[in-house]
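Everything on this sheet refers to the single structure shown next.
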Amino acid sequence: AIDLSGDVAVVTGGASGIGREISVQFADAGADIVVADLREEPREGGTPTVERIRAETDSDAQFVECDVTEQGDRENVAKRAAEMGGADVLVNNAGIFRGEEFTEVSEAEFDQLMDVNVKGVFFVTQALIDQLLEDGGRVINLSSVAGLEGSGDFISYCTSKGAVRLMTYSLADKYGPEDVRVNAIHPGVIETAMVTEDVPIIGGESEAEFRQTVPLRQFGQPGDIADAALYLASDLSEYVNGESLVVDGGIAST
Ligand code: NAD
């Protein structure tokens, strides 16, 4: 079994969806968790992540109210992680989706997408890098298949997730020599509020059509991404750095 005991992991966007499952699985593997999110309530409903972790595992879990676009909030996250012994793992998972038609995207909407999806990843990492450098760090960035392949349907989102991919490779280059590994996960369609509410792929009119684009003919679950994140956080991936791990049922390969 994967053992993360002794590690402190910071998970942005850890209240809901993929980040919530990553937080719970990391805690189950023994890590203490800092959940950094806008609010504690999961978008999909249910018990807040921190309460779930305390009930289901022996690990410590703390919630820090944090908007990744706010410097003061990022500093609070770093402070809390330091109090817990210092961050060993950072999962840059907080992200938003926008799917406006290219000619309809306003500058304000574009800025918001870049602020959360790109600047958020950049500056949360910057805020925690000293802690990550202390004792062999791992950074896991949530990109997307939309950050590997373009799509005319959501150009601004692809732009933001492509930036996360090259940020990942660049950070891997800079910090690999100092024993911080930086990798990206590229999920396909994963069943969370993002794809049931923000863009109704699941539950929408074209669900069956979308499913046909997935070679495995099913959508992913948050646990599928948490499994990949566990691998990248653990010693099983100790020689993996600057890598894109695609977890999409085969979408990107077709
Ligand atoms: P989600 O909307 O279910 O959860 C995202 C979480 O991030 C929420 O708890 C939200 O409050 C938080 N968040 C949003 N903006 C924030 C901010 N400014 N500061 C702090 N927290 C913030 O989404 P999800 O599906 O779990 O997505 C997680 C990540 O995976 C995102 O980066 C997303 O782009 C990426 N992703 C998701 C899918 C998918 O199909 N669900 C596919 C590819 C990539």
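Residue numbering restarts at 1 for every chain of the structure tokens, chains are lettered A, B, ... in their displayed order, and ligands are numbered from 1 as they appear.
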
I'd like to know which residues of range 110-232 of chain A are strand (DSSP E) (by DSSP, run on the backbone); could you write them as a PyMOL selection string? chain A and resi 137-142+180-187

Create the file for the chosen residues now, containing C-alpha atoms and written as a PDB file, in the first residue's frame.
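Contents of the output file part26.pdb:
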ATOM      1  CA  GLY A 137       8.706  17.875  -2.278  1.00  0.00           C
ATOM      2  CA  ARG A 138       6.135  16.867  -4.838  1.00  0.00           C
ATOM      3  CA  VAL A 139       3.862  19.204  -6.808  1.00  0.00           C
ATOM      4  CA  ILE A 140       0.898  17.822  -8.742  1.00  0.00           C
ATOM      5  CA  ASN A 141      -0.904  20.194 -11.085  1.00  0.00           C
ATOM      6  CA  LEU A 142      -4.378  19.508 -12.456  1.00  0.00           C
ATOM      7  CA  VAL A 180      11.129  18.610  -5.810  1.00  0.00           C
ATOM      8  CA  ARG A 181       9.262  16.646  -8.480  1.00  0.00           C
ATOM      9  CA  VAL A 182       6.571  18.466 -10.458  1.00  0.00           C
ATOM     10  CA  ASN A 183       4.056  16.568 -12.596  1.00  0.00           C
ATOM     11  CA  ALA A 184       0.695  17.177 -14.242  1.00  0.00           C
ATOM     12  CA  ILE A 185      -2.456  15.096 -14.408  1.00  0.00           C
ATOM     13  CA  HIS A 186      -4.673  15.488 -17.457  1.00  0.00           C
ATOM     14  CA  PRO A 187      -8.163  14.214 -16.642  1.00  0.00           C
TER      15      PRO A 187
END

Step by step, measure atom-to-atom distances between ligand 1 and each residue using only C-alpha atoms and all ligand atoms, keep those at most 6 Å, then write them as a ChimeraX atom specification. /A:12-19,37-38,66-69,93-96,116,142-144,187-195

Skip Gly72 in chain A itself and residues of its chain fewer than 6 positions away, then list as number ranges by chain all residues within 12 Å of it, counting only C-alpha atoms. A: 64-66, 78-79, 123-124, 127

Could you pull out the helix (DSSP H, G or I) residues of range 1-214 of chain A, going by DSSP on the backbone, and write them as a PyMOL selection string? chain A and resi 17-28+49-56+71-83+102-104+107-132+145-147+155-178+193-198+207-211

With C-alpha atoms retained, write the just-selected residues as a tab-separated table (two decimals), in the first residue's frame.
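For reference, result.tsv as written:
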chain	number	residue	atom	x	y	z
A	17	GLY	CA	-15.02	16.88	-6.66
A	18	ILE	CA	-11.57	15.69	-7.61
A	19	GLY	CA	-9.76	17.66	-4.89
A	20	ARG	CA	-12.02	16.22	-2.22
A	21	GLU	CA	-11.29	12.65	-3.29
A	22	ILE	CA	-7.55	13.37	-3.48
A	23	SER	CA	-7.66	14.83	0.05
A	24	VAL	CA	-9.49	11.82	1.48
A	25	GLN	CA	-7.28	9.26	-0.26
A	26	PHE	CA	-4.07	11.05	0.75
A	27	ALA	CA	-5.33	11.16	4.36
A	28	ASP	CA	-6.17	7.49	4.13
A	49	THR	CA	-13.81	17.04	3.37
A	50	VAL	CA	-12.15	17.83	6.69
A	51	GLU	CA	-14.98	16.23	8.67
A	52	ARG	CA	-14.88	13.19	6.41
A	53	ILE	CA	-11.14	12.80	6.94
A	54	ARG	CA	-11.46	13.11	10.72
A	55	ALA	CA	-14.25	10.52	10.76
A	56	GLU	CA	-12.70	8.04	8.33
A	71	GLN	CA	-2.07	36.75	-1.93
A	72	GLY	CA	-3.19	37.05	1.71
A	73	ASP	CA	-5.16	33.81	1.46
A	74	ARG	CA	-2.19	32.01	-0.07
A	75	GLU	CA	-0.02	33.26	2.80
A	76	ASN	CA	-2.56	31.89	5.29
A	77	VAL	CA	-2.36	28.48	3.63
A	78	ALA	CA	1.43	28.54	3.81
A	79	LYS	CA	1.28	29.57	7.47
A	80	ARG	CA	-1.10	26.73	8.36
A	81	ALA	CA	0.99	24.16	6.48
A	82	ALA	CA	4.11	25.41	8.28
A	83	GLU	CA	2.35	25.00	11.64
A	102	PHE	CA	-14.74	32.30	-28.88
A	103	THR	CA	-16.30	35.51	-30.16
A	104	GLU	CA	-18.38	35.88	-26.98
A	107	GLU	CA	-11.87	40.18	-21.31
A	108	ALA	CA	-13.15	39.99	-17.72
A	109	GLU	CA	-14.12	36.32	-18.14
A	110	PHE	CA	-10.77	35.53	-19.75
A	111	ASP	CA	-8.93	37.28	-16.91
A	112	GLN	CA	-10.88	35.34	-14.28
A	113	LEU	CA	-10.06	32.03	-15.95
A	114	MET	CA	-6.37	32.87	-16.16
A	115	ASP	CA	-6.34	34.25	-12.59
A	116	VAL	CA	-7.67	31.02	-11.09
A	117	ASN	CA	-6.32	28.35	-13.44
A	118	VAL	CA	-2.90	29.80	-14.22
A	119	LYS	CA	-1.91	32.53	-11.75
A	120	GLY	CA	-3.42	30.51	-8.90
A	121	VAL	CA	-1.16	27.55	-9.66
A	122	PHE	CA	1.87	29.78	-10.16
A	123	PHE	CA	1.53	31.78	-6.95
A	124	VAL	CA	0.32	29.02	-4.62
A	125	THR	CA	3.43	27.10	-5.68
A	126	GLN	CA	5.54	30.19	-5.09
A	127	ALA	CA	4.05	30.61	-1.60
A	128	LEU	CA	4.89	27.02	-0.64
A	129	ILE	CA	8.14	26.40	-2.47
A	130	ASP	CA	10.40	27.01	0.56
A	131	GLN	CA	8.52	24.34	2.51
A	132	LEU	CA	8.51	21.92	-0.44
A	145	VAL	CA	-6.98	16.76	-21.80
A	146	ALA	CA	-7.92	20.31	-22.79
A	147	GLY	CA	-4.32	21.23	-21.92
A	155	ILE	CA	-10.60	27.97	-26.40
A	156	SER	CA	-10.00	30.05	-23.27
A	157	TYR	CA	-10.10	26.98	-20.99
A	158	CYS	CA	-7.66	25.10	-23.27
A	159	THR	CA	-5.39	28.14	-23.20
A	160	SER	CA	-5.32	28.13	-19.40
A	161	LYS	CA	-4.74	24.38	-19.10
A	162	GLY	CA	-2.00	24.40	-21.76
A	163	ALA	CA	-0.23	27.02	-19.67
A	164	VAL	CA	-0.43	24.73	-16.64
A	165	ARG	CA	1.28	21.98	-18.65
A	166	LEU	CA	4.29	24.12	-19.60
A	167	MET	CA	4.43	25.64	-16.12
A	168	THR	CA	4.70	22.06	-14.84
A	169	TYR	CA	7.57	21.18	-17.17
A	170	SER	CA	9.37	24.44	-16.36
A	171	LEU	CA	9.06	24.00	-12.60
A	172	ALA	CA	10.24	20.38	-12.99
A	173	ASP	CA	13.34	21.70	-14.75
A	174	LYS	CA	14.04	24.29	-12.09
A	175	TYR	CA	13.39	22.25	-8.95
A	176	GLY	CA	14.27	18.70	-10.02
A	177	PRO	CA	17.92	19.30	-9.02
A	178	GLU	CA	16.68	20.22	-5.54
A	193	ALA	CA	-20.18	19.42	-10.48
A	194	MET	CA	-17.93	20.90	-13.17
A	195	VAL	CA	-19.36	18.57	-15.81
A	196	THR	CA	-22.85	18.13	-14.39
A	197	GLU	CA	-23.48	21.84	-13.71
A	198	ASP	CA	-20.92	24.22	-15.26
A	207	GLU	CA	-24.28	12.71	-22.75
A	208	ALA	CA	-24.52	9.58	-24.90
A	209	GLU	CA	-22.71	11.27	-27.77
A	210	PHE	CA	-19.90	12.38	-25.43
A	211	ARG	CA	-19.59	8.88	-23.99
